[in-house]
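Right, one structure below, let's go through it.
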Amino acid sequence: CMLARAAHLASRGCVFPPSFATLRHLARGNMASAAWDGSGTQEDLMNRDECILVDASDKITGHDTKFASHRFVDGQPNGKLHRAFSVFLFDKDNRLLLQQRAASKITFPSVWTNTCCSHPLFGYEPSEVDTAEDIASGSVPGAKRAAIRKLQHELGIAPADVPHDKFKYLTRLHYCAPDTFAENQTLAGGPWGEHEMDYILFIKPSVDYLKLKPNPDEVDDAKWVTRDELKEMMDPTSGLRWSPWFRIIAGRFLDKWWGDLESCLETNKHVDLGTIHEVM
């Protein structure tokens with residue numbers, strides 16, 4: 001019931017007051033057959049959306065709210081390890097779409113990062129929970145569904161422009177990073193951080209012109225860049241702030257993948273299904 005769910009949130013120290021949108025979703029029960037609609041505030045989504053918790057070998061151990069999973073506090077100084085995805089979307093000229101996260105975001109506000117980075121969620125239909133077989137085959141339908149959902153939610157990209165079969169899953173990264181950019185780390189239950197099993201997804205849509213409509217609650221800016229332009233932006237003298245996961249990917253993997261983009265997208269040359277890259 002709603003009261004029991006609210007008591008459960010309060011028992012974990014949740015300080016966000018439940019909004020109408022949250023109460024409406026709680027009234028649906030366990031959300032097992034609900035479709036995600038993105039309604040509510042940032043606080044609502046932190047309380048309501050549940051991450052898929054895993055161990056260091058990416059075996060599912062449970063699920064918990066984004067609020068609980070991202071707190072770097074006593075008792076869980078590194079948060080809770082959970083699945084995530086990072087989308088790298090390229091245009092017909094092989095430029096990469098970057099986004100700057102909204103200043104109002106609870107975690108990692110105002111940082112520049114790759115096209116879209118978020119979490120597959122537990123409890124919704126169609127399911128975003130990938131099985132061991134999904135991962136071993138490289139199909140990862142759950143991560144791809146989550147990517148399509150969030151590309152639309154954050155950037156207004158139509159699902160028809162980023163079909164499931166155009167995504168290329170490359171590999172997984174395991175990283176952990178505190179949020180050093182939040183303006184007030186004690187706000188709403190922090191400090192915060194990310195501890196993720198990150199699925200890397202590349203895509204190059206077939207459309208000549210991709211229509212973008214950034215969601216101001218999620219994104220402050222978006223920019224298409226070449227490899228050289230990205231290097232200029234990431235120069236320390238630029239003064240720009242970057243997400244830790246993008247810094248890791250850009251520093252260790254991206255240039256090789258981007259420099260051989262067609263092979264990345266059309267073949268398995270750069271696919272590594274068995275390795276979890278520990279980049280702690």
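Following the order of the structure tokens, first chain is A, next is B, and so on, with residues numbered from 1 inside each chain and ligands from 1 in the order they appear.
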* Excluding Pro109 (chain A) and any residue of its chain fewer than 4 positions from it, enumerate the residues within 10 Å of it, using only C-alpha atoms, and give them as a ChimeraX atom specification. => /A:100-105,179-183,218-220,241-243
* Got a sec: who's within 8 Å of region 202-215 of chain A, counting only C-alpha atoms, leaving out chain neighbours fewer than 3 positions off, as a PyMOL selection string? -> chain A and resi 87-92+153-158+161-162+166-170+218-222+264-265
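Of note, CA of Asp272 (chain A) and CA of Gly138 (chain A) are spaced 8.9 Å apart.
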* Please give the complete set of residues from region 10-210 of chain A that DSSP, run on the backbone, assigns to helix (DSSP H, G or I), formatted as a ChimeraX atom specification. => /A:10-11,20-26,42-48,66-69,132-137,141-155,159-161,164-166,187-189
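The space separating CA of Phe253 (chain A) from CA of Lys59 (chain A) comes to 24.2 Å.
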* Structure fact -> Restricting to only C-alpha atoms, whichever of A:Asp49, A:Phe72, A:Thr113, A:Asp44 is closest to Met233 (chain A) is A:Thr113
